[in-house]
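**Q** Got model_3.txt for you, compact mmCIF, C-alpha atoms and all ligand atoms:
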# COMPACT_ATOMS: atom_id res chain seq x y z
CA MET A 22 -10.90 -124.32 62.94
CA ASP A 23 -8.02 -126.33 64.35
CA GLN A 24 -5.77 -123.25 64.35
CA PRO A 25 -6.98 -121.24 67.39
CA ILE A 26 -7.54 -124.28 69.65
CA GLY A 27 -5.22 -126.92 68.17
CA ASP A 28 -2.34 -127.32 65.73
CA SER A 29 -4.06 -126.43 62.44
CA ASP A 30 -3.91 -129.91 60.97
CA HIS A 31 -7.41 -131.37 61.28
CA GLY A 32 -8.50 -130.57 57.72
CA ILE A 33 -5.12 -131.62 56.35
CA ASN A 34 -5.29 -134.88 58.33
CA LEU A 35 -8.73 -135.77 57.02
CA ALA A 36 -7.93 -134.74 53.44
CA ARG A 37 -4.93 -137.06 53.52
CA GLY A 38 -6.82 -139.91 55.21
CA PHE A 39 -9.93 -139.85 53.07
CA GLY A 40 -7.83 -139.24 49.96
CA ALA A 41 -6.14 -142.56 50.76
CA VAL A 42 -9.56 -144.18 51.34
CA LYS A 43 -10.68 -142.91 47.94
CA GLN A 44 -7.71 -144.64 46.34
CA LYS A 45 -9.01 -147.92 47.80
CA ALA A 46 -12.40 -147.42 46.12
CA ALA A 47 -11.79 -150.13 43.51
CA VAL A 48 -10.90 -152.67 46.22
CA MET A 49 -13.84 -151.65 48.40
CA GLU A 50 -16.24 -151.98 45.48
CA GLY A 51 -16.01 -155.79 45.72
CA GLN A 52 -16.21 -155.96 49.51
CA ASP A 53 -19.26 -156.38 51.72
CA ILE A 54 -20.21 -153.32 53.76
CA GLY A 55 -18.50 -154.51 56.93
CA THR A 56 -15.23 -155.22 55.15
CA ALA A 57 -15.37 -151.96 53.19
CA LEU A 58 -15.82 -149.97 56.41
CA LYS A 59 -12.95 -151.91 57.95
CA THR A 60 -10.76 -151.10 54.97
CA ALA A 61 -11.63 -147.42 55.34
CA GLY A 62 -10.89 -147.49 59.07
CA MET A 63 -7.56 -149.24 58.70
CA THR A 64 -6.60 -146.79 55.96
CA LEU A 65 -7.44 -143.83 58.20
CA VAL A 66 -5.43 -145.26 61.09
CA SER A 67 -2.39 -145.83 58.90
CA THR A 68 -2.44 -142.49 57.04
CA VAL A 69 -3.63 -139.91 59.59
CA GLY A 70 -1.09 -138.80 62.16
CA GLY A 71 -3.32 -136.79 64.49
CA ALA A 72 -5.76 -137.97 67.14
CA SER A 73 -8.58 -138.00 64.59
CA GLY A 74 -6.92 -140.88 62.67
CA PRO A 75 -7.22 -143.53 65.39
CA LEU A 76 -10.55 -142.05 66.52
CA TYR A 77 -12.30 -142.05 63.14
CA GLY A 78 -10.35 -145.19 62.23
CA SER A 79 -11.76 -147.04 65.25
CA ALA A 80 -15.22 -145.68 64.48
CA PHE A 81 -15.12 -147.07 60.94
CA MET A 82 -13.56 -150.39 62.00
CA LYS A 83 -16.00 -151.03 64.85
CA GLY A 84 -18.86 -149.82 62.65
CA GLY A 85 -17.70 -152.34 60.05
CA MET A 86 -17.66 -155.14 62.61
CA ALA A 87 -21.28 -154.33 63.42
CA LEU A 88 -22.21 -154.88 59.76
CA ALA A 89 -19.92 -157.86 59.11
CA GLY A 90 -20.89 -159.79 55.98
CA LYS A 91 -23.75 -157.49 54.99
CA LYS A 92 -24.25 -156.61 51.32
CA GLU A 93 -27.12 -154.23 52.00
CA MET A 94 -28.02 -152.03 54.93
CA ASN A 95 -31.33 -150.60 56.02
CA LEU A 96 -31.93 -147.73 58.42
CA ASP A 97 -31.78 -149.97 61.50
CA ASP A 98 -28.44 -151.38 60.33
CA PHE A 99 -27.13 -147.87 59.76
CA LEU A 100 -28.05 -146.75 63.28
CA TYR A 101 -26.70 -149.99 64.76
CA MET A 102 -23.43 -149.32 62.95
CA LEU A 103 -23.31 -145.77 64.35
CA ASP A 104 -23.92 -147.10 67.87
CA ALA A 105 -20.75 -149.15 67.48
CA ALA A 106 -18.89 -146.18 65.99
CA VAL A 107 -19.83 -143.88 68.87
CA GLU A 108 -18.85 -146.54 71.38
CA ALA A 109 -15.48 -146.92 69.64
CA VAL A 110 -14.72 -143.19 69.88
CA LYS A 111 -15.78 -143.10 73.54
CA GLN A 112 -13.48 -145.99 74.36
CA ARG A 113 -10.54 -144.94 72.23
CA GLY A 114 -10.75 -141.29 73.29
CA LYS A 115 -11.73 -142.01 76.89
CA ALA A 116 -14.28 -139.29 76.33
CA VAL A 117 -17.93 -138.61 76.95
CA GLU A 118 -20.34 -135.98 75.64
CA GLU A 119 -19.93 -132.31 76.57
CA GLU A 120 -16.11 -132.38 76.38
CA ALA A 121 -16.03 -130.43 73.11
CA THR A 122 -15.08 -133.29 70.77
CA MET A 123 -16.52 -135.05 67.74
CA LEU A 124 -18.78 -136.90 70.20
CA ASP A 125 -20.78 -133.71 70.64
CA ALA A 126 -21.91 -134.06 67.02
CA MET A 127 -22.00 -137.87 66.93
CA CYS A 128 -24.13 -138.47 70.04
CA PRO A 129 -26.93 -135.93 69.59
CA SER A 130 -27.28 -136.75 65.89
CA LEU A 131 -27.57 -140.46 66.65
CA GLY A 132 -30.16 -139.71 69.35
CA ALA A 133 -32.16 -137.55 66.96
CA MET A 134 -32.05 -140.22 64.24
CA LYS A 135 -33.19 -142.96 66.62
CA ALA A 136 -36.08 -140.76 67.77
CA ALA A 137 -37.08 -140.01 64.17
CA ARG A 138 -36.82 -143.72 63.28
CA ASP A 139 -39.04 -144.61 66.25
CA GLU A 140 -41.60 -142.08 65.02
CA GLY A 141 -41.72 -144.07 61.79
CA LYS A 142 -40.10 -141.45 59.59
CA ALA A 143 -38.53 -142.42 56.25
CA ALA A 144 -34.77 -142.86 56.03
CA ALA A 145 -34.12 -139.62 54.11
CA GLU A 146 -36.00 -137.61 56.71
CA VAL A 147 -34.29 -139.43 59.56
CA LEU A 148 -30.89 -138.59 58.07
CA ALA A 149 -31.92 -134.97 57.52
CA GLU A 150 -32.81 -134.66 61.20
CA GLY A 151 -29.53 -136.28 62.14
CA VAL A 152 -27.61 -133.72 60.09
CA LYS A 153 -29.50 -130.87 61.75
CA ALA A 154 -28.73 -132.25 65.21
CA ALA A 155 -25.08 -132.82 64.32
CA TRP A 156 -24.59 -129.19 63.27
CA ALA A 157 -26.44 -127.98 66.39
CA GLY A 158 -24.16 -130.19 68.48
CA ALA A 159 -21.09 -128.86 66.70
CA ALA A 160 -22.22 -125.27 67.33
CA HIS A 161 -22.78 -126.13 71.00
CA THR A 162 -19.07 -126.98 71.39
CA LYS A 163 -18.42 -123.22 71.29
CA ASP A 164 -19.96 -123.05 74.76
CA LEU A 165 -17.86 -125.91 76.14
CA VAL A 166 -14.40 -125.90 77.69
CA ALA A 167 -12.52 -128.79 76.08
CA THR A 168 -11.22 -131.43 78.47
CA LYS A 169 -9.85 -133.86 75.84
CA GLY A 170 -7.30 -133.54 73.05
CA ARG A 171 -5.16 -130.54 72.17
CA ALA A 172 -8.03 -128.10 72.70
CA SER A 173 -7.84 -128.93 76.42
CA TYR A 174 -4.44 -127.19 76.54
CA VAL A 175 -6.01 -123.78 75.82
CA GLY A 176 -8.73 -124.26 78.46
CA GLU A 177 -11.19 -121.38 78.70
CA ARG A 178 -9.50 -119.55 75.82
CA GLY A 179 -11.15 -122.14 73.61
CA LEU A 180 -14.61 -120.82 74.47
CA GLY A 181 -16.31 -119.42 71.37
CA HIS A 182 -14.44 -121.79 69.03
CA GLN A 183 -16.25 -124.66 67.35
CA ASP A 184 -14.59 -128.05 67.69
CA PRO A 185 -12.98 -129.21 64.43
CA GLY A 186 -13.87 -132.88 64.92
CA ALA A 187 -17.53 -132.14 65.66
CA THR A 188 -17.53 -130.06 62.49
CA SER A 189 -15.90 -132.72 60.29
CA TYR A 190 -18.35 -135.32 61.56
CA SER A 191 -21.28 -133.06 60.69
CA PHE A 192 -19.92 -132.72 57.16
CA MET A 193 -19.57 -136.50 56.89
CA LEU A 194 -23.13 -137.18 57.97
CA GLU A 195 -24.33 -134.45 55.60
CA VAL A 196 -22.55 -136.20 52.71
CA VAL A 197 -24.17 -139.53 53.63
CA ALA A 198 -27.60 -137.87 53.82
CA GLY A 199 -27.01 -136.19 50.45
CA ALA A 200 -25.98 -139.47 48.85
CA LEU A 201 -29.12 -141.19 50.17
CA LYS A 202 -31.30 -138.42 48.78
P1 LIG B 301 -4.77 -133.63 66.81
O1 LIG B 301 -5.59 -133.13 67.95
O2 LIG B 301 -3.89 -134.76 67.19
O3 LIG B 301 -4.06 -132.53 66.08
P2 LIG B 301 -6.84 -133.56 64.79
O4 LIG B 301 -6.59 -132.11 64.74
O5 LIG B 301 -6.87 -134.29 63.48
O6 LIG B 301 -5.82 -134.29 65.76
O7 LIG B 301 -8.26 -133.85 65.47
C1 LIG B 301 -8.71 -133.08 66.55
C2 LIG B 301 -10.14 -133.50 66.87
O8 LIG B 301 -10.15 -134.83 67.41
C3 LIG B 301 -10.78 -132.63 67.92
O9 LIG B 301 -11.39 -131.52 67.34
C4 LIG B 301 -11.78 -133.57 68.60
O10 LIG B 301 -13.03 -133.54 67.97
C5 LIG B 301 -11.17 -134.93 68.38
N1 LIG B 301 -10.58 -135.45 69.61
C6 LIG B 301 -9.35 -135.20 70.10
N2 LIG B 301 -9.13 -135.91 71.24
C7 LIG B 301 -10.26 -136.63 71.45
C8 LIG B 301 -10.67 -137.58 72.44
N3 LIG B 301 -9.86 -137.93 73.47
N4 LIG B 301 -11.90 -138.11 72.35
C9 LIG B 301 -12.72 -137.80 71.32
N5 LIG B 301 -12.40 -136.92 70.34
C10 LIG B 301 -11.19 -136.34 70.41
MG MG B 302 -4.95 -130.94 65.19
Let me see the file written as structure tokens.
**A**
Amino acid sequence: MDQPIGDSDHGINLARGFGAVKQKAAVMEGQDIGTALKTAGMTLVSTVGGASGPLYGSAFMKGGMALAGKKEMNLDDFLYMLDAAVEAVKQRGKAVEEEATMLDAMCPSLGAMKAARDEGKAAAEVLAEGVKAAWAGAAHTKDLVATKGRASYVGERGLGHQDPGATSYSFMLEVVAGALK
């Protein structure tokens, strides 16, 4: 996905970064949630060369700060953590929604999950709705002209291509939802 509108490395970047996170699993096992997320974020920042490293890295680190010291998290904690993660990407990337980035999966999925939570739905269902909204948001990036990152260099030629970061985020949320199930 990163080939027609970028430099073909998004999948490679994330495989390297999360491979390194996986190697820290034993360390993270003994950490509270906030510290574990911080460990993951710092590992991403230090192992991923592309823009997605500092962006996802900041998301995990700021998400971790939101859950500092916690040994357990409930649905409200999870959404509070994602609020911090979204804010981190917005700040770090100087980006907003509708610029064809990972935010176009992150923001609508968080909105959908908050709405489902407010309707009193159970966590598994809330996550399932988040995943659906993330993929819809990722698909919507095909209709957007990118104004941030490498995809902005191709301008309107990027129309019709789904943003790699919005896609990787949708996969991540899907994995979390699957684990919860
Ligand atoms: P690079 O663009 O440096 O090659 P990657 O290919 O790993 O890095 O990641 C590209 C993804 O990062 C894009 O698909 C987009 O979702 C996201 N991205 C790039 N720049 C920004 C930004 N300024 N704000 C938010 N997300 C961004
Ligand atoms: Mg790239």
**Q** Given a cut-off of 6 Å, what residues near ligand LIG 301 (chain B) show up using only C-alpha atoms and all ligand atoms, put as an mmCIF file with C-alpha atoms, keeping the file's coordinate frame?
**A**
data_model
loop_
_atom_site.group_PDB
_atom_site.id
_atom_site.type_symbol
_atom_site.label_atom_id
_atom_site.label_comp_id
_atom_site.auth_asym_id
_atom_site.auth_seq_id
_atom_site.Cartn_x
_atom_site.Cartn_y
_atom_site.Cartn_z
ATOM 1 C CA ASP A 23 -8.020 -126.330 64.350
ATOM 2 C CA ASP A 28 -2.340 -127.320 65.730
ATOM 3 C CA ASP A 30 -3.910 -129.910 60.970
ATOM 4 C CA HIS A 31 -7.410 -131.370 61.280
ATOM 5 C CA ASN A 34 -5.290 -134.880 58.330
ATOM 6 C CA GLY A 71 -3.320 -136.790 64.490
ATOM 7 C CA ALA A 72 -5.760 -137.970 67.140
ATOM 8 C CA SER A 73 -8.580 -138.000 64.590
ATOM 9 C CA VAL A 110 -14.720 -143.190 69.880
ATOM 10 C CA GLY A 114 -10.750 -141.290 73.290
ATOM 11 C CA LYS A 115 -11.730 -142.010 76.890
ATOM 12 C CA ALA A 116 -14.280 -139.290 76.330
ATOM 13 C CA THR A 122 -15.080 -133.290 70.770
ATOM 14 C CA MET A 123 -16.520 -135.050 67.740
ATOM 15 C CA LYS A 169 -9.850 -133.860 75.840
ATOM 16 C CA GLY A 170 -7.300 -133.540 73.050
ATOM 17 C CA ARG A 171 -5.160 -130.540 72.170
ATOM 18 C CA ASP A 184 -14.590 -128.050 67.690
ATOM 19 C CA PRO A 185 -12.980 -129.210 64.430
ATOM 20 C CA GLY A 186 -13.870 -132.880 64.920
ATOM 21 C CA ALA A 187 -17.530 -132.140 65.660
#
**Q** Which one is closest to ligand MG 302 (chain B): A:Met102, A:Val66, A:Val117, A:Ile33? Count only C-alpha atoms and all ligand atoms.
**A** A:Ile33
**Q** So that I can see what lies close to Gly85 in chain A, please list as a list in words the residues with an atom at most 7 Å from it, counting only C-alpha atoms and leaving out residues fewer than 2 positions away in the same chain.
**A**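 Once the nearby chain positions are removed, what remains is Ile54, Gly55, Thr56, Leu58, Lys59, Phe81, Met82, Lys83, Ala87, Leu88 and Ala89 of chain A.
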**Q** Counting all atoms listed in the file, which residue out of A:Leu103, A:Asp53, A:Gly70, A:Ala47 sits closest to Gly32 in chain A?
**A**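 Checking each of A:Leu103, A:Asp53, A:Gly70, A:Ala47 against Gly32 in chain A, counting all atoms listed in the file, the winner is A:Gly70.
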**Q** So what do you get for CA of Ala121 in chain A versus CA of Leu76 in chain A, distance-wise?
**A**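 Interatomic distance, CA of Ala121 in chain A to CA of Leu76 in chain A: 14.4 Å.
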**Q** Grab the CA of Glu119 in chain A to CA of Arg37 in chain A distance for me, in Å with one decimal place.
**A**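 According to the coordinates, CA of Glu119 in chain A and CA of Arg37 in chain A are separated by 27.9 Å.
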**Q** Quick one: axis-aligned box around all listed atoms of range 128-143 of chain A, 8 Å on every side, centre and edge lengths in Å to one decimal, written as JSON.
**A**
{"center_x": -32.9, "center_y": -140.3, "center_z": 63.1, "size_x": 33.6, "size_y": 24.7, "size_z": 29.8}
**Q** To one decimal in Å, tell me the separation between CA of Thr68 in chain A and CA of Ala41 in chain A.
**A**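 Value for the CA of Thr68 in chain A-CA of Ala41 in chain A distance: 7.3 Å.
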**Q** Quick one: of A:Ser173, A:Thr168, A:Gln112, A:Ser191, who's nearest to Pro75 in chain A, counting only C-alpha atoms?
**A**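 Comparing A:Ser173, A:Thr168, A:Gln112, A:Ser191 against Pro75 in chain A, the winner is A:Gln112.
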**Q** Counting only C-alpha atoms and all ligand atoms, figure out which residue out of A:Gly74, A:Gly141, A:Gly40, A:Gly199 gets nearest to ligand MG 302 (chain B).
**A**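 Going through A:Gly74, A:Gly141, A:Gly40, A:Gly199 one by one, the smallest distance to ligand MG 302 (chain B) is for A:Gly74.
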**Q** Find the residues around range 93-97 of chain A up to 7 Å (all atoms listed in the file counted), leave out those fewer than 3 positions away in its own chain, and share them as a list in words.
**A**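 Here the qualifying residues turn out to be Leu100, Tyr101 and Ala144 of chain A.
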**Q** Taking C-alpha atoms for each residue, export the selection above as a compact mmCIF listing (two decimals), in the coordinates of the input.
**A**
# COMPACT_ATOMS: atom_id res chain seq x y z
CA LEU A 100 -28.05 -146.75 63.28
CA TYR A 101 -26.70 -149.99 64.76
CA ALA A 144 -34.77 -142.86 56.03
